[in-house]
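Novice: To be precise about what I am sending: the file is called upload_37.cif and holds mmCIF, C-alpha atoms.
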```cif
data_upload
#
loop_
_atom_site.label_atom_id
_atom_site.label_comp_id
_atom_site.auth_asym_id
_atom_site.auth_seq_id
_atom_site.Cartn_x
_atom_site.Cartn_y
_atom_site.Cartn_z
CA MET A 1 66.93 -74.06 -138.34
CA ARG A 2 66.00 -77.73 -138.18
CA PHE A 3 62.81 -76.99 -136.28
CA ARG A 4 61.76 -74.25 -138.70
CA ASN A 5 62.18 -76.74 -141.53
CA ILE A 6 60.05 -79.30 -139.70
CA ALA A 7 57.36 -76.72 -139.05
CA ALA A 8 57.35 -75.68 -142.68
CA ALA A 9 57.06 -79.30 -143.74
CA ILE A 10 54.06 -79.84 -141.47
CA ALA A 11 52.34 -76.73 -142.79
CA SER A 12 53.01 -77.78 -146.37
CA PHE A 13 51.63 -81.23 -145.67
CA THR A 14 48.43 -79.66 -144.33
CA LEU A 15 47.96 -77.58 -147.49
CA VAL A 16 48.65 -80.55 -149.76
CA ALA A 17 46.21 -82.73 -147.83
CA ALA A 18 43.51 -80.14 -148.45
CA ASN A 19 43.84 -80.50 -152.22
CA ALA A 20 43.21 -83.84 -153.90
CA ASN A 21 44.81 -84.76 -157.20
CA ALA A 22 42.71 -84.62 -160.37
CA GLN A 23 40.40 -87.63 -160.28
CA VAL A 24 36.80 -88.69 -160.81
CA VAL A 25 34.76 -86.33 -158.64
CA PHE A 26 31.35 -87.63 -159.74
CA ASN A 27 30.50 -90.94 -161.39
CA ASN A 28 27.02 -91.59 -162.78
CA GLY A 29 28.00 -94.94 -164.26
CA ALA A 30 28.94 -96.48 -167.59
CA PRO A 31 26.40 -97.50 -170.28
CA ASN A 32 24.03 -100.27 -169.25
CA ASN A 33 23.28 -101.13 -172.92
CA LEU A 34 19.54 -100.82 -172.31
CA ASP A 35 18.44 -97.47 -173.68
CA GLY A 36 19.35 -94.00 -174.90
CA TYR A 37 17.74 -90.57 -175.10
CA PRO A 38 17.80 -88.15 -178.07
CA ILE A 39 20.46 -85.45 -178.23
CA TYR A 40 20.13 -84.50 -181.90
CA GLY A 41 18.90 -81.13 -183.15
CA THR A 42 19.37 -77.62 -181.79
CA ASN A 43 16.18 -77.76 -179.70
CA VAL A 44 16.95 -80.98 -177.89
CA ARG A 45 18.89 -81.28 -174.64
CA GLN A 46 19.10 -84.08 -172.11
CA THR A 47 20.26 -83.14 -168.63
CA ASN A 48 21.35 -85.11 -165.57
CA ASP A 49 21.95 -83.82 -162.07
CA PHE A 50 25.17 -84.29 -160.09
CA THR A 51 26.49 -83.27 -156.69
CA LEU A 52 29.86 -82.03 -155.48
CA SER A 53 31.15 -82.56 -151.94
CA GLY A 54 33.54 -79.60 -151.94
CA THR A 55 34.79 -76.64 -153.93
CA THR A 56 35.74 -78.29 -157.21
CA SER A 57 37.58 -77.43 -160.41
CA LEU A 58 36.02 -79.57 -163.16
CA SER A 59 38.39 -80.63 -165.92
CA ARG A 60 36.50 -83.10 -168.13
CA PHE A 61 33.01 -84.41 -168.86
CA ASN A 62 33.30 -88.03 -170.04
CA TRP A 63 30.15 -89.44 -171.60
CA TRP A 64 28.75 -91.96 -174.11
CA ALA A 65 26.72 -91.45 -177.29
CA GLN A 66 24.94 -94.04 -179.41
CA ILE A 67 24.85 -93.98 -183.22
CA ASP A 68 22.43 -95.93 -185.40
CA ASP A 69 24.89 -98.36 -186.94
CA VAL A 70 25.75 -101.64 -185.29
CA ASN A 71 28.91 -101.91 -187.43
CA GLY A 72 30.20 -98.39 -186.88
CA PRO A 73 33.91 -97.52 -187.35
CA SER A 74 36.43 -97.46 -184.50
CA THR A 75 36.24 -93.64 -184.24
CA ILE A 76 33.89 -90.92 -185.44
CA GLN A 77 33.94 -87.12 -185.49
CA ALA A 78 30.98 -85.28 -183.97
CA SER A 79 29.88 -81.86 -182.77
CA TYR A 80 27.73 -81.22 -179.70
CA THR A 81 26.96 -78.66 -177.01
CA VAL A 82 27.61 -79.11 -173.28
CA GLN A 83 26.05 -76.89 -170.62
CA VAL A 84 26.18 -76.78 -166.82
CA TYR A 85 23.39 -75.30 -164.69
CA ALA A 86 22.88 -74.68 -161.00
CA ASP A 87 20.05 -76.59 -159.39
CA ALA A 88 16.81 -74.63 -158.99
CA GLY A 89 14.33 -76.62 -156.94
CA GLY A 90 14.99 -79.96 -158.65
CA PHE A 91 15.36 -78.52 -162.15
CA PRO A 92 18.19 -76.78 -164.02
CA GLY A 93 18.35 -73.03 -163.48
CA LEU A 94 17.48 -70.57 -166.22
CA THR A 95 21.05 -69.39 -166.86
CA SER A 96 23.92 -71.72 -167.70
CA LEU A 97 27.14 -71.56 -165.70
CA PHE A 98 29.01 -73.09 -168.62
CA SER A 99 28.09 -73.46 -172.29
CA GLN A 100 30.33 -74.55 -175.14
CA THR A 101 29.88 -76.17 -178.51
CA PHE A 102 32.56 -78.74 -179.25
CA VAL A 103 33.28 -79.16 -182.96
CA ASN A 104 34.79 -82.23 -184.64
CA GLN A 105 35.36 -84.10 -181.41
CA THR A 106 36.60 -87.69 -181.60
CA GLY A 107 34.40 -90.45 -180.24
CA THR A 108 35.94 -93.87 -179.68
CA ARG A 109 33.99 -97.09 -180.08
CA ASP A 110 34.25 -98.88 -176.74
CA GLY A 111 32.07 -101.98 -177.00
CA SER A 112 28.89 -100.46 -175.55
CA PHE A 113 25.73 -100.70 -177.61
CA CYS A 114 21.96 -100.53 -177.58
CA CYS A 115 19.97 -102.42 -176.97
CA GLN A 116 20.17 -105.84 -175.35
CA GLY A 117 18.36 -108.43 -177.44
CA PHE A 118 18.37 -106.33 -180.61
CA PRO A 119 21.64 -104.36 -180.85
CA ILE A 120 21.32 -101.72 -183.57
CA PHE A 121 23.27 -98.82 -182.03
CA THR A 122 27.03 -98.51 -181.59
CA GLY A 123 28.34 -96.78 -178.45
CA TYR A 124 31.09 -94.15 -178.56
CA ALA A 125 32.95 -92.57 -175.66
CA PHE A 126 33.47 -88.81 -175.78
CA SER A 127 35.38 -86.46 -173.50
CA ALA A 128 34.69 -82.71 -173.32
CA ASP A 129 37.16 -80.24 -171.80
CA LEU A 130 35.45 -78.13 -169.12
CA GLY A 131 38.50 -75.92 -168.70
CA GLY A 132 38.73 -76.03 -164.91
CA LEU A 133 35.14 -74.87 -164.30
CA ALA A 134 35.03 -73.76 -160.65
CA LEU A 135 31.94 -74.85 -158.70
CA GLY A 136 31.14 -74.89 -155.01
CA THR A 137 29.62 -77.61 -152.88
CA GLY A 138 26.09 -78.46 -153.98
CA SER A 139 23.85 -79.82 -156.72
CA TYR A 140 24.09 -79.04 -160.44
CA TRP A 141 22.90 -80.25 -163.85
CA ILE A 142 24.93 -81.10 -166.93
CA ALA A 143 23.31 -81.05 -170.36
CA VAL A 144 24.17 -82.47 -173.79
CA GLY A 145 22.45 -81.58 -177.05
CA GLY A 146 22.80 -80.42 -180.64
CA PHE A 147 24.67 -83.58 -181.57
CA SER A 148 25.63 -84.05 -185.22
CA THR A 149 28.13 -86.20 -187.07
CA PRO A 150 28.95 -86.61 -190.77
CA PHE A 151 29.17 -90.34 -190.18
CA VAL A 152 25.39 -90.74 -190.49
CA THR A 153 23.15 -88.90 -192.94
CA ASN A 154 20.23 -89.01 -190.51
CA ASN A 155 21.36 -87.39 -187.26
CA ASN A 156 17.97 -88.19 -185.72
CA THR A 157 19.63 -91.39 -184.54
CA ALA A 158 22.03 -89.91 -181.95
CA TYR A 159 21.35 -90.66 -178.29
CA TRP A 160 22.90 -90.18 -174.86
CA ALA A 161 23.46 -93.70 -173.53
CA THR A 162 21.81 -94.58 -170.24
CA SER A 163 23.39 -95.94 -167.10
CA ALA A 164 21.82 -97.98 -164.33
CA PRO A 165 19.72 -95.81 -161.98
CA THR A 166 21.90 -94.32 -159.24
CA GLY A 167 19.37 -92.20 -157.36
CA ASN A 168 19.84 -89.10 -159.51
CA GLN A 169 17.38 -87.76 -162.04
CA ARG A 170 17.32 -86.78 -165.69
CA VAL A 171 15.27 -84.02 -167.31
CA SER A 172 14.63 -83.08 -170.91
CA ASN A 173 13.36 -80.15 -172.92
CA ALA A 174 13.03 -82.14 -176.13
CA PHE A 175 10.31 -80.50 -178.22
CA VAL A 176 8.00 -79.90 -175.24
CA ASN A 177 6.61 -76.97 -173.26
CA ASN A 178 8.28 -74.34 -175.42
CA GLY A 179 11.70 -75.39 -174.26
CA GLU A 180 10.90 -75.63 -170.56
CA TRP A 181 12.50 -78.45 -168.63
CA ARG A 182 10.48 -81.63 -168.21
CA LEU A 183 11.21 -84.08 -165.40
CA ASN A 184 11.74 -87.72 -166.32
CA GLN A 185 11.49 -89.96 -163.27
CA GLU A 186 13.71 -92.98 -162.94
CA ALA A 187 12.49 -96.26 -164.41
CA PRO A 188 13.74 -99.84 -164.03
CA ASN A 189 15.34 -99.74 -167.49
CA GLY A 190 17.51 -96.78 -166.47
CA VAL A 191 16.83 -93.21 -167.52
CA GLU A 192 20.05 -91.57 -166.38
CA GLY A 193 22.84 -90.45 -168.65
CA ALA A 194 26.08 -92.45 -168.60
CA PHE A 195 28.89 -90.08 -167.64
CA ASN A 196 31.53 -89.10 -165.13
CA LEU A 197 33.25 -85.85 -164.22
CA THR A 198 36.94 -85.46 -163.43
CA GLY A 199 38.61 -82.60 -161.62
CA THR A 200 40.13 -81.49 -158.35
CA THR A 201 38.17 -81.07 -155.13
CA ASN A 202 39.49 -78.91 -152.31
CA VAL A 203 38.64 -80.71 -149.10
CA VAL A 204 38.91 -78.90 -145.76
CA PRO A 205 40.97 -81.04 -143.35
CA GLU A 206 39.13 -82.55 -140.39
CA PRO A 207 39.20 -80.31 -137.27
CA SER A 208 40.96 -83.05 -135.34
CA SER A 209 43.74 -83.14 -137.95
CA LEU A 210 44.15 -79.37 -137.83
CA ALA A 211 44.22 -79.45 -134.04
CA LEU A 212 46.93 -82.10 -134.08
CA VAL A 213 49.06 -80.07 -136.49
CA ALA A 214 48.54 -76.92 -134.41
CA THR A 215 49.57 -78.74 -131.23
CA GLY A 216 52.71 -79.97 -132.94
CA LEU A 217 53.61 -76.48 -134.12
CA VAL A 218 53.07 -75.02 -130.65
CA GLY A 219 55.22 -77.75 -129.14
CA LEU A 220 58.02 -77.14 -131.62
CA GLY A 221 57.88 -73.42 -130.90
CA ALA A 222 58.11 -73.95 -127.16
CA PHE A 223 61.01 -76.36 -127.56
CA ALA A 224 62.85 -73.90 -129.78
CA ARG A 225 62.39 -71.11 -127.19
CA ARG A 226 63.81 -73.31 -124.45
CA ARG A 227 66.86 -74.04 -126.58
CA ARG A 228 67.45 -70.34 -127.12
CA ALA A 229 67.00 -69.38 -123.45
CA PRO A 230 70.34 -68.64 -121.65
CA LEU A 231 71.48 -71.04 -118.95
CA ARG A 232 71.26 -69.69 -115.38
CA ALA A 233 73.86 -70.37 -112.74
#
```
Mind turning this structure into structure tokens?
Specialist:
Amino acid sequence: MRFRNIAAAIASFTLVAANANAQVVFNNGAPNNLDGYPIYGTNVRQTNDFTLSGTTSLSRFNWWAQIDDVNGPSTIQASYTVQVYADAGGFPGLTSLFSQTFVNQTGTRDGSFCCQGFPIFTGYAFSADLGGLALGTGSYWIAVGGFSTPFVTNNNTAYWATSAPTGNQRVSNAFVNNGEWRLNQEAPNGVEGAFNLTGTTNVVPEPSSLALVATGLVGLGAFARRRRAPLRA
């Protein structure tokens, strides 16, 4: 019985090791307080690519918006749309894998702003629930748009805060090419959206680790058989 318990414990350990706890699975950086890109209006979306290293269940999209008021309140309520697309040759695909409009979401003032030298925008951190969106290994795009808030009468002053360039790219379909995506190459002032994604990634154990576990199980089985074998005179 003791050996069966040990074997079960080893097998359970292997399964647990293959599943990481919910954590940041992609980090595109916090605001660099240098710039922002428009996310107001129903026809405006800003999109940034991201990559996943394994089959992942996405739980939250954490991002930063900028509002045209340097003395904004500690929290605001806002509505916005989040979409996720598969990558299609360096651009978002035509059909979204996820699309949801979040209404009356709370944004928390966190000390970020725009822009250095002439701060006129207040930064707010938002967090959107992706509901365990299941995605495989690969490249994707996440989009934000349709931002509105009753805090300001002119919603033309809502922007997705930028982060320092990380090697990814941002695209936009803001008022151009009949809604087709337009590539915006990186620039020294940073043209990427500030955001991170949290979730759980299922990581396949290294072959060497699996081989070691298998060897241990075989050894336990052989030892158990020897214990059960009758003694010969």
Novice: Counting only C-alpha atoms, figure out which residue out of A:Ser57, A:Gln77, A:Gln23, A:Asn33 gets nearest to A:Asn104.
Specialist: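 Of all the options, A:Gln77 lies closest to A:Asn104.
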Novice: Carefully work through the PyMOL selection byres ((chain A and resi 100) around 7) for this structure and note down the residues it includes, as a ChimeraX atom specification.
Specialist: /A:81-83,98-99,101-102
Novice: So what do you get for atom CA of A:Leu135 versus atom CA of A:Trp160, distance-wise?
Specialist: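 Spanning atom CA of A:Leu135 to atom CA of A:Trp160 is a straight-line distance of 24.0 Å.
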Novice: Which one is closest to A:Phe26: A:Ser139, A:Gln66, A:Gln105, A:Thr149? Count all atoms listed in the file.
Specialist: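 Of A:Ser139, A:Gln66, A:Gln105, A:Thr149, the one nearest A:Phe26 is A:Ser139, counting all atoms listed in the file.
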Novice: For the structure provided, state which residues fall under the PyMOL selection byres ((chain A and resi 29) around 10), and present them as a list in words.
Specialist: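 Checked against the file, the PyMOL selection byres ((chain A and resi 29) around 10) matches Phe26, Asn27, Asn28, Ala30, Pro31, Asn32, Trp63, Thr162, Ser163, Ala164, Pro165, Thr166, Glu192, Gly193, Ala194, Phe195 and Asn196 of chain A.
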Novice: Write the residues of the selection above to a file with C-alpha atoms, as a PDB file, in the coordinates of the input.
Specialist:
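The resulting file, result13.pdb, is reproduced below:
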```pdb
ATOM      1  CA  PHE A  26      31.350 -87.630-159.740  1.00  0.00           C
ATOM      2  CA  ASN A  27      30.500 -90.940-161.390  1.00  0.00           C
ATOM      3  CA  ASN A  28      27.020 -91.590-162.780  1.00  0.00           C
ATOM      4  CA  ALA A  30      28.940 -96.480-167.590  1.00  0.00           C
ATOM      5  CA  PRO A  31      26.400 -97.500-170.280  1.00  0.00           C
ATOM      6  CA  ASN A  32      24.030-100.270-169.250  1.00  0.00           C
ATOM      7  CA  TRP A  63      30.150 -89.440-171.600  1.00  0.00           C
ATOM      8  CA  THR A 162      21.810 -94.580-170.240  1.00  0.00           C
ATOM      9  CA  SER A 163      23.390 -95.940-167.100  1.00  0.00           C
ATOM     10  CA  ALA A 164      21.820 -97.980-164.330  1.00  0.00           C
ATOM     11  CA  PRO A 165      19.720 -95.810-161.980  1.00  0.00           C
ATOM     12  CA  THR A 166      21.900 -94.320-159.240  1.00  0.00           C
ATOM     13  CA  GLU A 192      20.050 -91.570-166.380  1.00  0.00           C
ATOM     14  CA  GLY A 193      22.840 -90.450-168.650  1.00  0.00           C
ATOM     15  CA  ALA A 194      26.080 -92.450-168.600  1.00  0.00           C
ATOM     16  CA  PHE A 195      28.890 -90.080-167.640  1.00  0.00           C
ATOM     17  CA  ASN A 196      31.530 -89.100-165.130  1.00  0.00           C
TER      18      ASN A 196
END
```
Novice: Would you kindly identify which residues have an atom no farther than 6 Å from (18.5, -80.8, -169.6), using all atoms listed in the file and the file's own coordinates, and write them out as a PyMOL selection string?
Specialist: chain A and resi 45-47+143+171-172
Novice: Evaluate the PyMOL selection byres ((chain A and resi 74) around 6) against this structure - the residues, as number ranges by chain, please.
Specialist: A: 73, 75, 109
Novice: Atom CA of A:Gly90 and atom CA of A:Phe147, how far apart in Å?
Specialist: 25.1 Å
Novice: One decimal, Å: what's the distance from atom CA of A:Cys115 over to atom CA of A:Val144, could you say?
Specialist: 20.6 Å
Novice: When you count only C-alpha atoms, which of these residues is closest to A:Asp49: A:Asp129, A:Phe91, A:Cys114, A:Tyr124?
Specialist: A:Phe91
Novice: Could you tell me which of A:Gly107, A:Pro92, A:Gly54, A:Gly167 comes closest to A:Gly72 if we count only C-alpha atoms?
Specialist: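 Using only C-alpha atoms, the shortest distance to A:Gly72 belongs to A:Gly107.
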Novice: Name the closest residue to A:Asn43 among the candidates A:Gly145, A:Pro150, A:Thr201, A:Tyr159; distances are taken between atoms, counting all atoms listed in the file.
Specialist: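 Ranked by minimum distance to A:Asn43, first place goes to A:Gly145.
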Novice: For a quick check of understanding, using only C-alpha atoms, which of A:Tyr80, A:Phe61, A:Phe113, A:Phe126 has the smallest distance to A:Asp35?
Specialist: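 Result for the nearest residue to A:Asp35: A:Phe113.
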Novice: Give as a list in words the set of residues within 12 Å of the point (42.5, -83.1, -163.3), where distances use the file's coordinates and only C-alpha atoms.
Specialist: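 Result, sorted by chain then residue number: Asn19, Ala20, Asn21, Ala22, Gln23, Val24, Val25, Thr56, Ser57, Leu58, Ser59, Arg60, Phe61, Asp129, Leu130, Gly131, Gly132, Leu133, Leu197, Thr198, Gly199, Thr200 and Thr201 of chain A.
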Novice: Those residues with C-alpha atoms, as an mmCIF file, keeping the file's coordinate frame please?
Specialist:
```
data_model
loop_
_atom_site.group_PDB
_atom_site.id
_atom_site.type_symbol
_atom_site.label_atom_id
_atom_site.label_comp_id
_atom_site.auth_asym_id
_atom_site.auth_seq_id
_atom_site.Cartn_x
_atom_site.Cartn_y
_atom_site.Cartn_z
ATOM 1 C CA ASN A 19 43.840 -80.500 -152.220
ATOM 2 C CA ALA A 20 43.210 -83.840 -153.900
ATOM 3 C CA ASN A 21 44.810 -84.760 -157.200
ATOM 4 C CA ALA A 22 42.710 -84.620 -160.370
ATOM 5 C CA GLN A 23 40.400 -87.630 -160.280
ATOM 6 C CA VAL A 24 36.800 -88.690 -160.810
ATOM 7 C CA VAL A 25 34.760 -86.330 -158.640
ATOM 8 C CA THR A 56 35.740 -78.290 -157.210
ATOM 9 C CA SER A 57 37.580 -77.430 -160.410
ATOM 10 C CA LEU A 58 36.020 -79.570 -163.160
ATOM 11 C CA SER A 59 38.390 -80.630 -165.920
ATOM 12 C CA ARG A 60 36.500 -83.100 -168.130
ATOM 13 C CA PHE A 61 33.010 -84.410 -168.860
ATOM 14 C CA ASP A 129 37.160 -80.240 -171.800
ATOM 15 C CA LEU A 130 35.450 -78.130 -169.120
ATOM 16 C CA GLY A 131 38.500 -75.920 -168.700
ATOM 17 C CA GLY A 132 38.730 -76.030 -164.910
ATOM 18 C CA LEU A 133 35.140 -74.870 -164.300
ATOM 19 C CA LEU A 197 33.250 -85.850 -164.220
ATOM 20 C CA THR A 198 36.940 -85.460 -163.430
ATOM 21 C CA GLY A 199 38.610 -82.600 -161.620
ATOM 22 C CA THR A 200 40.130 -81.490 -158.350
ATOM 23 C CA THR A 201 38.170 -81.070 -155.130
#
```
